[in-house]
>>> print(open('target09.cif').read())   # mmCIF, C-alpha atoms
data_model
loop_
_atom_site.group_PDB
_atom_site.id
_atom_site.type_symbol
_atom_site.label_atom_id
_atom_site.label_comp_id
_atom_site.auth_asym_id
_atom_site.auth_seq_id
_atom_site.Cartn_x
_atom_site.Cartn_y
_atom_site.Cartn_z
ATOM 1 C CA MET V 510 17.801 12.277 53.424
ATOM 2 C CA ILE V 511 18.106 16.046 53.151
ATOM 3 C CA LEU V 512 16.108 17.919 55.769
ATOM 4 C CA THR V 513 15.518 21.624 55.060
ATOM 5 C CA ALA V 514 13.985 24.183 57.404
ATOM 6 C CA ILE V 515 11.639 26.773 55.918
ATOM 7 C CA SER V 516 11.874 29.671 58.327
ATOM 8 C CA GLY V 517 10.738 33.255 58.640
ATOM 9 C CA GLY V 518 8.720 35.438 60.946
ATOM 10 C CA ILE V 519 4.977 35.860 61.022
ATOM 11 C CA GLY V 520 3.642 37.083 57.668
ATOM 12 C CA SER V 521 6.897 36.404 55.803
ATOM 13 C CA GLY V 522 5.332 33.829 53.499
ATOM 14 C CA LYS V 523 6.916 30.603 54.749
ATOM 15 C CA SER V 524 3.505 28.901 54.567
ATOM 16 C CA VAL V 525 3.232 29.872 50.893
ATOM 17 C CA VAL V 526 6.574 28.180 50.239
ATOM 18 C CA ALA V 527 5.422 25.121 52.211
ATOM 19 C CA ARG V 528 2.154 24.899 50.222
ATOM 20 C CA VAL V 529 4.050 25.047 46.926
ATOM 21 C CA LEU V 530 6.365 22.252 48.075
ATOM 22 C CA ARG V 531 3.416 20.111 49.210
ATOM 23 C CA ALA V 532 1.753 20.660 45.818
ATOM 24 C CA MET V 533 4.983 19.415 44.231
ATOM 25 C CA GLY V 534 4.738 16.216 46.302
ATOM 26 C CA TYR V 535 7.255 16.986 49.046
ATOM 27 C CA ASP V 536 6.646 16.153 52.689
ATOM 28 C CA VAL V 537 6.475 19.260 54.885
ATOM 29 C CA TYR V 538 6.301 19.119 58.673
ATOM 30 C CA ASP V 539 4.405 22.154 60.020
ATOM 31 C CA CYS V 540 5.760 22.920 63.487
ATOM 32 C CA ASP V 541 2.840 25.181 64.460
ATOM 33 C CA VAL V 542 0.196 22.611 63.505
ATOM 34 C CA ARG V 543 2.032 19.716 65.131
ATOM 35 C CA ALA V 544 2.742 21.739 68.304
ATOM 36 C CA ARG V 545 -0.997 22.441 68.630
ATOM 37 C CA GLU V 546 -1.845 18.777 68.050
ATOM 38 C CA ILE V 547 0.729 17.641 70.599
ATOM 39 C CA MET V 548 -0.530 20.208 73.138
ATOM 40 C CA ASP V 549 -4.124 19.091 72.540
ATOM 41 C CA ASN V 550 -3.353 15.396 72.956
ATOM 42 C CA ASP V 551 -0.629 15.180 75.607
ATOM 43 C CA ASP V 552 -1.982 15.436 79.170
ATOM 44 C CA ARG V 553 1.494 15.545 80.681
ATOM 45 C CA LEU V 554 2.502 18.445 78.434
ATOM 46 C CA ARG V 555 -0.640 20.405 79.373
ATOM 47 C CA GLN V 556 0.072 19.818 83.064
ATOM 48 C CA ARG V 557 3.597 21.157 82.645
ATOM 49 C CA ILE V 558 2.256 24.260 80.869
ATOM 50 C CA ALA V 559 -0.248 24.875 83.685
ATOM 51 C CA CYS V 560 2.366 24.359 86.413
ATOM 52 C CA GLU V 561 5.350 26.097 84.812
ATOM 53 C CA VAL V 562 3.931 28.746 82.463
ATOM 54 C CA CYS V 563 0.367 29.863 83.187
ATOM 55 C CA SER V 564 -2.081 28.091 85.486
ATOM 56 C CA ASP V 565 -5.178 29.580 83.842
ATOM 57 C CA ALA V 566 -4.019 28.635 80.319
ATOM 58 C CA VAL V 567 -5.440 25.147 80.870
ATOM 59 C CA GLU V 568 -9.200 24.921 81.433
ATOM 60 C CA CYS V 569 -11.067 21.626 81.755
ATOM 61 C CA GLY V 570 -8.070 19.779 80.342
ATOM 62 C CA ARG V 571 -7.814 22.018 77.260
ATOM 63 C CA ILE V 572 -5.373 24.770 76.311
ATOM 64 C CA ASN V 573 -6.869 28.268 76.305
ATOM 65 C CA ARG V 574 -4.675 29.522 73.465
ATOM 66 C CA ARG V 575 -5.759 33.136 73.758
ATOM 67 C CA ARG V 576 -4.860 33.271 77.450
ATOM 68 C CA LEU V 577 -1.583 31.428 76.855
ATOM 69 C CA ALA V 578 -0.627 33.817 74.038
ATOM 70 C CA GLU V 579 -1.486 36.864 76.184
ATOM 71 C CA LYS V 580 0.788 35.534 78.910
ATOM 72 C CA VAL V 581 3.804 34.462 76.866
ATOM 73 C CA PHE V 582 3.925 37.410 74.489
ATOM 74 C CA ALA V 583 3.840 39.790 77.479
ATOM 75 C CA ASP V 584 6.307 37.825 79.630
ATOM 76 C CA GLU V 585 9.635 36.781 78.135
ATOM 77 C CA ALA V 586 10.387 34.282 80.928
ATOM 78 C CA ALA V 587 7.023 32.569 80.373
ATOM 79 C CA LEU V 588 7.707 32.406 76.631
ATOM 80 C CA GLU V 589 11.082 30.769 77.289
ATOM 81 C CA LYS V 590 9.463 28.184 79.578
ATOM 82 C CA LEU V 591 6.740 27.424 77.029
ATOM 83 C CA ASN V 592 9.306 27.090 74.254
ATOM 84 C CA ARG V 593 11.437 24.723 76.321
ATOM 85 C CA ILE V 594 8.426 22.486 77.025
ATOM 86 C CA VAL V 595 6.751 22.486 73.620
ATOM 87 C CA HIS V 596 9.826 22.553 71.409
ATOM 88 C CA GLY V 597 11.321 19.555 73.156
ATOM 89 C CA ALA V 598 8.157 17.635 72.316
ATOM 90 C CA VAL V 599 8.202 18.909 68.714
ATOM 91 C CA ARG V 600 11.864 17.943 68.235
ATOM 92 C CA ASP V 601 11.048 14.433 69.475
ATOM 93 C CA ASP V 602 8.110 14.296 67.048
ATOM 94 C CA ILE V 603 10.311 15.406 64.115
ATOM 95 C CA SER V 604 12.833 12.708 65.015
ATOM 96 C CA ARG V 605 10.090 10.117 64.583
ATOM 97 C CA TRP V 606 8.622 11.778 61.449
ATOM 98 C CA ALA V 607 11.750 12.386 59.339
ATOM 99 C CA PRO V 608 12.934 8.779 58.862
ATOM 100 C CA MET V 609 9.502 7.766 57.516
ATOM 101 C CA ARG V 610 9.504 10.203 54.553
ATOM 102 C CA ARG V 611 9.056 8.825 51.044
ATOM 103 C CA LYS V 612 11.346 11.262 49.198
ATOM 104 C CA PRO V 613 15.028 11.969 49.795
ATOM 105 C CA HIS V 614 14.262 15.648 50.570
ATOM 106 C CA ALA V 615 11.797 16.797 53.235
ATOM 107 C CA PHE V 616 11.016 20.149 54.826
ATOM 108 C CA ILE V 617 10.203 21.575 58.248
ATOM 109 C CA GLU V 618 8.194 24.809 58.410
ATOM 110 C CA THR V 619 9.037 26.821 61.531
ATOM 111 C CA ALA V 620 8.802 30.451 62.625
ATOM 112 C CA ILE V 621 11.339 30.053 65.421
ATOM 113 C CA LEU V 622 14.149 27.941 64.034
ATOM 114 C CA TYR V 623 16.924 28.790 66.485
ATOM 115 C CA GLN V 624 14.862 29.133 69.662
ATOM 116 C CA SER V 625 13.396 25.668 69.077
ATOM 117 C CA GLY V 626 16.739 23.977 68.446
ATOM 118 C CA ILE V 627 15.490 22.710 65.083
ATOM 119 C CA ASP V 628 18.432 24.447 63.403
ATOM 120 C CA ARG V 629 20.622 21.641 64.776
ATOM 121 C CA MET V 630 18.412 18.992 63.128
ATOM 122 C CA VAL V 631 18.454 20.281 59.533
ATOM 123 C CA ASP V 632 20.947 20.235 56.681
ATOM 124 C CA ASP V 633 20.069 23.697 55.399
ATOM 125 C CA VAL V 634 17.665 26.603 55.878
ATOM 126 C CA TRP V 635 15.441 28.456 53.440
ATOM 127 C CA GLU V 636 14.830 31.829 55.095
ATOM 128 C CA VAL V 637 11.678 33.507 53.743
ATOM 129 C CA THR V 638 11.746 37.291 54.028
ATOM 130 C CA ALA V 639 9.364 40.174 53.429
ATOM 131 C CA PRO V 640 9.353 43.828 54.494
ATOM 132 C CA PRO V 641 8.041 44.340 58.064
ATOM 133 C CA GLN V 642 5.066 46.478 57.007
ATOM 134 C CA LEU V 643 3.975 43.830 54.493
ATOM 135 C CA ARG V 644 4.357 41.105 57.135
ATOM 136 C CA LEU V 645 2.171 43.113 59.527
ATOM 137 C CA GLN V 646 -0.406 43.706 56.782
ATOM 138 C CA ARG V 647 -0.527 39.983 55.999
ATOM 139 C CA ALA V 648 -0.954 38.990 59.654
ATOM 140 C CA VAL V 649 -3.746 41.514 60.178
ATOM 141 C CA GLY V 650 -5.335 40.426 56.891
ATOM 142 C CA ARG V 651 -5.592 36.889 58.294
ATOM 143 C CA GLY V 652 -7.644 38.189 61.212
ATOM 144 C CA MET V 653 -4.962 38.837 63.809
ATOM 145 C CA ASP V 654 -5.293 41.926 65.967
ATOM 146 C CA GLU V 655 -2.631 44.489 64.956
ATOM 147 C CA SER V 656 -1.205 44.821 68.464
ATOM 148 C CA ASP V 657 -0.944 41.010 68.762
ATOM 149 C CA ALA V 658 0.809 40.853 65.388
ATOM 150 C CA ARG V 659 3.259 43.561 66.432
ATOM 151 C CA SER V 660 3.940 41.744 69.723
ATOM 152 C CA ARG V 661 4.652 38.488 67.917
ATOM 153 C CA MET V 662 6.891 40.204 65.383
ATOM 154 C CA ALA V 663 8.810 41.870 68.212
ATOM 155 C CA ALA V 664 9.147 38.602 70.132
ATOM 156 C CA GLN V 665 10.442 36.820 67.026
ATOM 157 C CA ALA V 666 12.836 39.657 66.176
ATOM 158 C CA SER V 667 14.214 39.945 69.709
ATOM 159 C CA TYR V 668 15.871 36.544 69.546
ATOM 160 C CA GLU V 669 19.383 36.479 68.149
ATOM 161 C CA ALA V 670 20.959 33.124 67.431
ATOM 162 C CA VAL V 671 24.346 32.484 68.962
ATOM 163 C CA SER V 672 25.408 31.352 65.508
ATOM 164 C CA ALA V 673 23.379 31.185 62.339
ATOM 165 C CA HIS V 674 23.003 27.924 60.469
ATOM 166 C CA PRO V 675 25.988 27.467 58.145
ATOM 167 C CA ASP V 676 23.821 26.915 55.050
ATOM 168 C CA VAL V 677 21.095 29.571 54.697
ATOM 169 C CA LYS V 678 19.424 30.411 51.396
ATOM 170 C CA MET V 679 17.025 33.329 51.009
ATOM 171 C CA ILE V 680 13.568 33.443 49.424
ATOM 172 C CA VAL V 681 12.208 36.958 48.946
ATOM 173 C CA ASN V 682 8.413 37.105 49.247
ATOM 174 C CA ASP V 683 7.846 40.823 48.851
ATOM 175 C CA GLY V 684 4.955 40.664 46.396
ATOM 176 C CA ILE V 685 7.273 41.760 43.587
ATOM 177 C CA GLU V 686 9.743 38.916 43.087
ATOM 178 C CA ALA V 687 8.100 35.628 42.040
ATOM 179 C CA VAL V 688 8.410 32.900 44.702
ATOM 180 C CA ILE V 689 8.017 29.741 42.592
ATOM 181 C CA PRO V 690 11.110 30.354 40.416
ATOM 182 C CA GLN V 691 13.129 30.901 43.609
ATOM 183 C CA ILE V 692 11.885 27.570 45.001
ATOM 184 C CA LEU V 693 12.680 25.746 41.751
ATOM 185 C CA SER V 694 16.149 27.262 41.696
ATOM 186 C CA LEU V 695 16.874 26.122 45.253
ATOM 187 C CA LEU V 696 15.562 22.626 44.534
ATOM 188 C CA SER V 697 17.707 22.292 41.409
ATOM 189 C CA ALA V 698 20.794 23.538 43.273
ATOM 190 C CA GLY V 699 20.373 20.515 45.533
#
>>> encode(input="target09.cif", output="structure tokens")
Amino acid sequence: MILTAISGGIGSGKSVVARVLRAMGYDVYDCDVRAREIMDNDDRLRQRIACEVCSDAVECGRINRRRLAEKVFADEAALEKLNRIVHGAVRDDISRWAPMRRKPHAFIETAILYQSGIDRMVDDVWEVTAPPQLRLQRAVGRGMDESDARSRMAAQASYEAVSAHPDVKMIVNDGIEAVIPQILSLLSAG
């Protein structure tokens, strides 16, 4: 099985690429969605977040996502702790998910490929890019507060991988170059 990461920062268009692939019949694992589901359903994980990251981010056994986001995007150490906790659980989940796929090529959508350690699980990476101002505009257009969007973009940009994945292909989603032909070209290249 070939396992490909679809990566890119907030507003880059990685979800657009993932939707196209799903429409084509490919399996796509959405790290953000699965992380939320795991956090919502794993009592032990929530306890670790409350104890190690932010005690008031868990209320009545539920994650207060707004409070957690305020904490981790303002405190780099808290973000690192949260990533260590949640991404370990997500990697374990991917390890169970990948072998059950019906096609010989599957995809993992992730905004933080290297920080999560998912780069070590995939055969190649499709990096989706867009100009920063367009990314900000897209995030705000989806209802995110501009300062929150800027904080997330800065947090994502501040991380530099020790070494990039050896097989990275680019998809430009700048509103000018068509995305679907780029996807088809990458799929046909194998």
>>> closest_residue(input="target09.cif", among="V:Ala620, V:Val631, V:Leu588, V:Val526", to="Ile511 (chain V)", atoms="only C-alpha atoms")
V:Val631
>>> resolve_selection(input="target09.cif", expression="the PyMOL selection byres ((chain V and resi 580) around 12)", output="list in words")
Ile558, Ala559, Val562, Cys563, Ser564, Asp565, Ala566, Asn573, Arg574, Arg575, Arg576, Leu577, Ala578, Glu579, Val581, Phe582, Ala583, Asp584, Glu585, Ala586, Ala587, Leu588, Glu589, Lys590, Leu591, Asp657 and Ser660 of chain V
>>> atom_distance(input="target09.cif", atom1="CA of Ala615 (chain V)", atom2="CA of Met533 (chain V)")
11.6 Å
>>> resolve_selection(input="target09.cif", expression="the PyMOL selection byres ((chain V and resi 683-696) around 8)", output="ChimeraX atom specification")
/V:526,529,638-640,643,678,680-682,697-699
>>> resolve_selection(input="target09.cif", expression="the PyMOL selection byres ((chain V and resi 600) around 10)", output="ChimeraX atom specification")
/V:540,544,595-599,601-606,625-627,630
>>> closest_residue(input="target09.cif", among="V:Leu512, V:Val567, V:Leu622, V:Val537", to="His674 (chain V)", atoms="all atoms listed in the file")
V:Leu622
>>> residues_around(input="target09.cif", residues="region 649-651 of chain V", least_positions_apart="5", cutoff="9 Å", atoms="only C-alpha atoms", output="ChimeraX atom specification")
/V:520,644,658
>>> closest_residue(input="target09.cif", among="V:Met679, V:Ile519, V:Cys569, V:Leu554", to="Arg661 (chain V)", atoms="all atoms listed in the file")
V:Ile519
>>> atom_distance(input="target09.cif", atom1="CA of Pro675 (chain V)", atom2="CA of Ser521 (chain V)")
21.2 Å
>>> atom_distance(input="target09.cif", atom1="CA of Glu561 (chain V)", atom2="CA of Ser656 (chain V)")
25.7 Å
>>> decode(input="target09.cif", residues="region 593-619 of chain V", atoms="N, CA and C atoms", output="CSV table (one decimal), in the first residue's frame")
chain,number,residue,atom,x,y,z
V,593,ARG,N,2.3,16.2,21.7
V,593,ARG,CA,2.9,14.9,22.1
V,593,ARG,C,1.8,13.9,22.6
V,594,ILE,N,0.8,14.4,23.3
V,594,ILE,CA,-0.3,13.6,23.8
V,594,ILE,C,-1.2,13.1,22.6
V,595,VAL,N,-1.7,14.1,21.9
V,595,VAL,CA,-2.7,13.8,20.9
V,595,VAL,C,-2.1,13.1,19.6
V,596,HIS,N,-1.0,13.6,19.2
V,596,HIS,CA,-0.4,13.0,18.0
V,596,HIS,C,0.1,11.5,18.2
V,597,GLY,N,0.4,11.2,19.4
V,597,GLY,CA,0.7,9.8,19.7
V,597,GLY,C,-0.5,8.9,19.5
V,598,ALA,N,-1.7,9.4,20.0
V,598,ALA,CA,-2.9,8.7,19.8
V,598,ALA,C,-3.4,8.7,18.4
V,599,VAL,N,-3.1,9.7,17.6
V,599,VAL,CA,-3.5,9.8,16.2
V,599,VAL,C,-2.6,8.8,15.4
V,600,ARG,N,-1.3,8.8,15.7
V,600,ARG,CA,-0.4,7.8,15.0
V,600,ARG,C,-0.9,6.4,15.3
V,601,ASP,N,-1.2,6.1,16.5
V,601,ASP,CA,-1.7,4.7,16.8
V,601,ASP,C,-3.0,4.4,16.0
V,602,ASP,N,-3.9,5.4,15.9
V,602,ASP,CA,-5.1,5.3,15.2
V,602,ASP,C,-4.9,5.0,13.7
V,603,ILE,N,-3.9,5.8,13.1
V,603,ILE,CA,-3.5,5.6,11.7
V,603,ILE,C,-3.0,4.2,11.5
V,604,SER,N,-2.2,3.7,12.4
V,604,SER,CA,-1.6,2.4,12.3
V,604,SER,C,-2.7,1.3,12.2
V,605,ARG,N,-3.8,1.5,12.9
V,605,ARG,CA,-4.9,0.6,12.8
V,605,ARG,C,-5.8,0.8,11.5
V,606,TRP,N,-5.9,2.0,11.1
V,606,TRP,CA,-6.7,2.4,9.9
V,606,TRP,C,-6.1,2.0,8.6
V,607,ALA,N,-4.8,2.2,8.4
V,607,ALA,CA,-4.1,2.0,7.1
V,607,ALA,C,-4.3,0.6,6.5
V,608,PRO,N,-4.0,-0.4,7.3
V,608,PRO,CA,-4.1,-1.8,6.8
V,608,PRO,C,-5.4,-2.2,6.3
V,609,MET,N,-6.5,-1.5,6.7
V,609,MET,CA,-7.9,-1.9,6.4
V,609,MET,C,-8.4,-1.2,5.1
V,610,ARG,N,-7.5,-0.4,4.4
V,610,ARG,CA,-8.0,0.3,3.2
V,610,ARG,C,-8.2,-0.6,2.1
V,611,ARG,N,-9.2,-0.2,1.2
V,611,ARG,CA,-9.6,-1.1,0.1
V,611,ARG,C,-8.8,-0.9,-1.2
V,612,LYS,N,-8.1,0.2,-1.3
V,612,LYS,CA,-7.4,0.5,-2.5
V,612,LYS,C,-5.9,0.5,-2.1
V,613,PRO,N,-5.0,0.3,-3.1
V,613,PRO,CA,-3.6,0.3,-2.8
V,613,PRO,C,-2.9,1.6,-2.6
V,614,HIS,N,-3.7,2.7,-2.6
V,614,HIS,CA,-3.2,4.0,-2.3
V,614,HIS,C,-4.2,4.7,-1.4
V,615,ALA,N,-3.7,5.2,-0.3
V,615,ALA,CA,-4.5,6.0,0.7
V,615,ALA,C,-3.8,7.2,1.1
V,616,PHE,N,-4.6,8.1,1.7
V,616,PHE,CA,-4.0,9.5,2.0
V,616,PHE,C,-4.3,9.9,3.4
V,617,ILE,N,-3.4,10.7,4.0
V,617,ILE,CA,-3.6,11.2,5.3
V,617,ILE,C,-3.5,12.8,5.2
V,618,GLU,N,-4.6,13.4,5.6
V,618,GLU,CA,-4.6,14.9,5.6
V,618,GLU,C,-4.2,15.4,6.9
V,619,THR,N,-3.1,16.2,6.9
V,619,THR,CA,-2.6,16.8,8.1
V,619,THR,C,-1.9,18.1,7.9
